[in-house]
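Taking it in order: structure first as structure tokens, then the write-up.
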Amino acid sequence: MGVRWDAVVERSRSEPPPAPATRLTLCPSTTGATTSVEIWLFGSLADSVPERPLRLQFRKPFSIGDVIAELGRRCGAEFLSRVTAPDGGMLRHCRVFMNGEPVEDTVAPVCAQEPSTQIEMILLTAAEGG
Amino acid sequence: MNDVTAPTNLANVAHGTGARDDAWIPTSCALCYGSCSILAHRVDGVVVKIEGNPDSVLGTGRQCGKGVSGIMSHYDPNRLKVPLRRTNPKKGLDENPGWKEISWEEALDEIATVFGRIRAEDPRKLLIQRTTTVTAGRNPLYAFGSAFGTPNYSTAGGGLHCGNGAHLISGIMHASWSVTPDFEYCNYAIYFGASKGHGAGHASTANMKLAADARARGMKMVVVDPMCNFASAKATEWVPLRVGTDGALALAMCNVLVNELGIYDAPYLQAKTNAPYLIGPDKRYVRDGATNKPLVWDSKANAARPYADAKSADMALEGNFDVNGVPCQPAFHKLKEHLRKFTPEWGEGITTVPAANIRRIAGEFGREARIGSTIMVEGVNLPYRPVAAVAFRGAQGHMNSLYNFYAIDLLNELVGASDVVGGCLGFNPACHGFPETGRPHYVPKPDADGLMITGMWMGYHYPYPIGEPRLPQNAGLQDLFTMGMTSPFLDSDDQEELWTRFELPYRPEAMLNFGANLLMSIANRESVARSLAKYKFMVSIDIFETETTRFADIVLPDCGYLQTLDSRSNFPFIFSLPGGMGEWCWPIRQPVLPPEGEQRRFQDVLLDLADRIGFRADMNAAYNASLNLAPEHRLQGDRRYTWEEICDAELKTYFGAQRGLEWFKEHGLIKWPKKPEEVYWRPFVDVRVPIYWEFLVPLADKIDAITAPRGLKIPREYYEPMPDHLPCVSHCCKTPGFDLYAFYYRDTLHTNSYTMENPWLDEAAQLDPYSYTIAINADTGKKKGLRDGALISVETETGRKVQGRVKLTQGIHPEGLGIGACAGHWGDGMPVAKGKGVFFNELLELDWNHVSPVNFNLDLCARVKVTPVQVPQ
């Protein structure tokens, strides 16, 4: 037997470099204070709310998952089914941006920007051929 | 010559400055979706020559015949130049639309009124459709659809014919849109119905050089195909087989490797696939109670452990185990047993390839894989497996699309020749970004089961993880059949029955069509025409009045590829940048000539419509998301950006503020070197690929739970976790006289139906003995009393017919009947194309019974009989 697959790579080169640093700030600790969040829903999600932006208060720190859950409470199960999978994770074609930075991790706490944080959500088209 | 520093703007052309206009302008071809880099020579406002751009990775100065002739497509006097409105309310194949010229204001006002009403009522009633030939259409139409709020988007015949299997499985197994041999290092490549490096499409001219160099170096090339055409003719060996049986051949070869020769890369299977995952009697993973991770059998610990907790080298690949009372075996054990029934003798019966040849080719492939070897590439020690099995349209264009491609790729997986030096490469699945910005950055990553999620995709319907089925909200039903990509049910005969059965809560009312001639590109024209006629309102943006355009209510004249702007003519890199070492290359497509008449660039038209309907903010948000614009370059609020500004924002996002659109207009492209860790990424990234598709089992249960109560049982044989040979409808035909398998093949002279109008390509096709004829095996033809040039009728069991002239040849399987390209235009809007060649798709049925129930690939073969046509004297 020749060289093993999991032994041919030098450890120092075994991980790809990280993606460009995001300026999205993660909050390590709780402060308990509330913060104002502007939520902008675009495309087919826009009809889910009566106005754009929707202004909500969240206790710091909060996660995008908290925001989606709150939107689900206000907009109903139909909204949730369009943006989340049955396991609760966000669907791949639902893109969320916080102050212009993409958010992939919906569980991690994010830091609000005073006086107001902007969150944008849009569903991109999910079908393609070639 | 070819001085790209010459002025590249349109000022001289559009307004005249008195100075002599003589410029070589770097841009991108669009005669096929390969988008090779070109230089357009413009003299006094006229393009007089098109050459390949030697500075670009996309062709390195080469062009194919189509690219050279692009000048004739541009200057075609039959181009659309003014907006048109239909006056005849009736729509049908024989209806004259009664075109009336209207102004852009009239056209856009009417479209905005109708689309605005639909958007307010239910945006899902709008279907957006585009051609795959023009890659520039992808992102603007995605953005428009997302902002409008419709999930209904289609590429007409694109995915149905070429990609629902090939792209899906390339995505699951190679994190890419397509696969190719690593030409620089590969020693033995098997092509199953593919033409990489020998035809049109993905990185076509770049791959031509790579393939030619590889053959000159000594790479052996075995082409499995019913027809000996573009790839086969240059191969070491042509292996003719019965149409649609490629998967059966691959399964027999896998069996030879594993069970007869014992050739497989155990360390690869342990470390990089789900081969060691334990499978229970229910065909599902046996999972850890605490973590829910799939279990493996740790031979060292002599116990079952979550896969992430055991060393790969200790994972058992074979054996019978008991985990908490559940009998189980590793997935590889299951696969090995499963493969036993696919003996070479069985394979011969299905494919007609002699069993001895199956054994020989499998042995050559397995031995040349050099399992266990490594090689240094730019100072990095890497696994070396110089063999590749690649497939594309031919192999996957059948009912059994999924298993055909899956079985072929198993050849690579078994010997560890997957995204390593010399092996089968995805097109650039990992990119660490332009050095100054780190963008674009994408790398495959694992899901909770350790299986690979692609790092980049052409759309947002990722091939894996598989979506959760639900009652459909998409008219194409892809959210119920969640492995389906492009859907046939937007046009099928039984669409209403299926929509009713699955309770689709609306019906499509309007279509926005960009360049797709779906009457020709999907299946028989009567079925598609019926579906088109149902739309209450149809808009077609096109450069010619195609057969499909004649069903539109409003026609908008688009700019051609020498008049338009696209900031990403070859991005994503998983689509059409050559794989292997070399350079990353990001070219643009820029205007060389101004619009003629009242032609307008479709990207501007979409922005205008968004303004008129009132969703510019949504459009900006959609561009921000789909182009991944950096925060400092994001489009703000509902500000009215021009298309140039959007392109500028994208280029600055990826290449820095100093390299915006103006920089790219001058230079045409940017390059930077690839790293071994990017090209041969698989050893560096901790992901596994499935050699056992466990996820199909619960998927079938979930779909069936929705469909069975509504009267449709899912054929479970298509959802088994290991591949099988499932015959096409044509294989089951027993009617006497229907003794040939009709298929079409991509003619290297043409792209889809579009280039048939090009007079230079038409002339070349007329000189070619095959482009416009019906190829039949010479011996078969003689037995039928046929001779070259005879006019014949080709008829299916259901009575669908086409006619054409016979070309007898030894270069086709005795049971095959080959028709070139997508020819046979009948409309007056493309007079050069009219009446040329044979319209193969007329033979294809378009309904549930002719569609893969798992990935929606259309069955692209038909059992036919041929009869001579008596020509009246």
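All residue names refer to the structure tokens as shown: chains lettered A, B, ... in order, residues numbered from 1 in each chain, ligands numbered from 1 in order.
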
Handout entry: region 703-708 of chain B environment, 8 Å, only C-alpha atoms, sequence neighbours closer than 6 positions dropped, as a VMD selection string
Key = chain B and resid 469 to 471 480 to 481 502 714

Preceding selection exported with C-alpha atoms as a compact mmCIF listing (two decimals), in the first residue's frame:
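Result file part.txt:
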```txt
# COMPACT_ATOMS: atom_id res chain seq x y z
CA PRO B 469 -40.25 18.12 -0.21
CA ARG B 470 -43.48 20.05 0.20
CA LEU B 471 -46.69 20.61 -1.69
CA LEU B 480 -41.84 18.66 -4.32
CA PHE B 481 -39.31 16.67 -6.37
CA PHE B 502 -50.61 18.62 -6.29
CA ILE B 714 -43.17 7.29 -6.67
```

Exercise for the section: Pull out every residue of chain B that has at least one atom within 6 Å of chain A, counting only C-alpha atoms, and report them as a list in words. Expected result: Ser146, Ala147, Phe148, Gly149, Pro151, Thr155, Gly158, Gly159, Gly163, Pro267, Tyr268, Gly372, Ser373, Gly438, His441, Gly459, Tyr460, His461, Met485, Thr486, Asp618, Pro631 and Phe684 of chain B

Practice task
Just the residues within 8 Å of region 568-570 of chain B, please, counting only C-alpha atoms, with nothing from its chain fewer than 5 positions along; format it as a PyMOL selection string.
Solution key: chain B and resi 28+34-35+135-136+575-577+586-589

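The interatomic distance for the pair CA of Phe144 (chain B) and CA of Ile111 (chain B) works out to 13.9 Å.
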
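These are the residues of region 166-279 of chain B assigned strand (DSSP E) by DSSP from backbone coordinates: Val179, Thr180, Pro181, Tyr188, Ala189, Ile190, Tyr191, Phe192, Lys220, Met221, Val222, Val223, Val224, Glu237, Trp238, Val239, Leu278 and Ile279 of chain B.
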
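Of the listed residues (A:Phe62, A:Ser48, A:Ala108, A:Pro53), A:Ser48 comes nearest to Arg82 (chain A); the distances count only C-alpha atoms.
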
Taking 4 positions as the minimum chain separation for residues in the same chain, which residues sit within 9 Å of Phe695 (chain B) when counting only C-alpha atoms? Answer as a short mmCIF file (atom, residue, chain, number, x, y, z; two decimals) with C-alpha atoms, in the first residue's frame.
```
data_model
loop_
_atom_site.label_atom_id
_atom_site.label_comp_id
_atom_site.auth_asym_id
_atom_site.auth_seq_id
_atom_site.Cartn_x
_atom_site.Cartn_y
_atom_site.Cartn_z
CA ARG B 284 -30.24 4.01 6.37
CA PRO B 465 -28.16 18.84 1.09
CA ILE B 466 -31.38 17.83 -0.56
CA LEU B 699 -36.36 11.52 0.31
CA ALA B 700 -38.52 8.96 -1.46
CA TYR B 719 -34.62 6.32 -5.28
CA PRO B 721 -29.20 4.32 -2.58
#
```

Problem - Residues near Glu547 (chain B), cut-off 12 Å, only C-alpha atoms, skip fewer than 6 positions along chain, as a PyMOL selection string - result: chain B and resi 91-97+515-521+525+528-529+532+540+753-754+824-831+833-834

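Take CA of Gly366 (chain B) and CA of Pro344 (chain B): the distance between them is 15.4 Å.
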
Which residues are close to Val854 (chain B), i.e. within 7 Å by only C-alpha atoms, leaving aside same-chain residues fewer than 5 positions away? Reply as a PDB file with C-alpha atoms, in the first residue's frame.
```
ATOM      1  CA  PHE B 481     -39.309  16.674  -6.368  1.00  0.00           C
ATOM      2  CA  MET B 483     -33.612  16.820  -6.834  1.00  0.00           C
ATOM      3  CA  GLY B 484     -35.235  18.189  -9.970  1.00  0.00           C
ATOM      4  CA  TYR B 718     -35.232   5.511  -8.945  1.00  0.00           C
TER       5      TYR B 718
END
```

Compile the contact shell of region 321-328 of chain B as a PDB file with N, CA and C atoms, in the first residue's frame: residues with an atom at most 6 Å away, counting only C-alpha atoms, same-chain residues fewer than 6 positions apart removed.
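Dumped everything to out_8.pdb:
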```
ATOM      1  N   LEU B 278     -21.871   2.853   8.564  1.00  0.00           N
ATOM      2  CA  LEU B 278     -22.624   1.613   8.742  1.00  0.00           C
ATOM      3  C   LEU B 278     -24.066   1.778   8.267  1.00  0.00           C
ATOM      4  N   ILE B 279     -24.532   0.769   7.549  1.00  0.00           N
ATOM      5  CA  ILE B 279     -25.870   0.799   6.965  1.00  0.00           C
ATOM      6  C   ILE B 279     -26.701  -0.312   7.593  1.00  0.00           C
ATOM      7  N   GLY B 280     -27.872   0.036   8.053  1.00  0.00           N
ATOM      8  CA  GLY B 280     -28.753  -0.936   8.685  1.00  0.00           C
ATOM      9  C   GLY B 280     -29.691  -1.603   7.698  1.00  0.00           C
TER      10      GLY B 280
END
```

Handout entry: helix (DSSP H, G or I) positions in region 99-191 of chain B, given as number ranges by chain
Key = B: 104-121, 123-125, 135-148, 157-163, 166-174
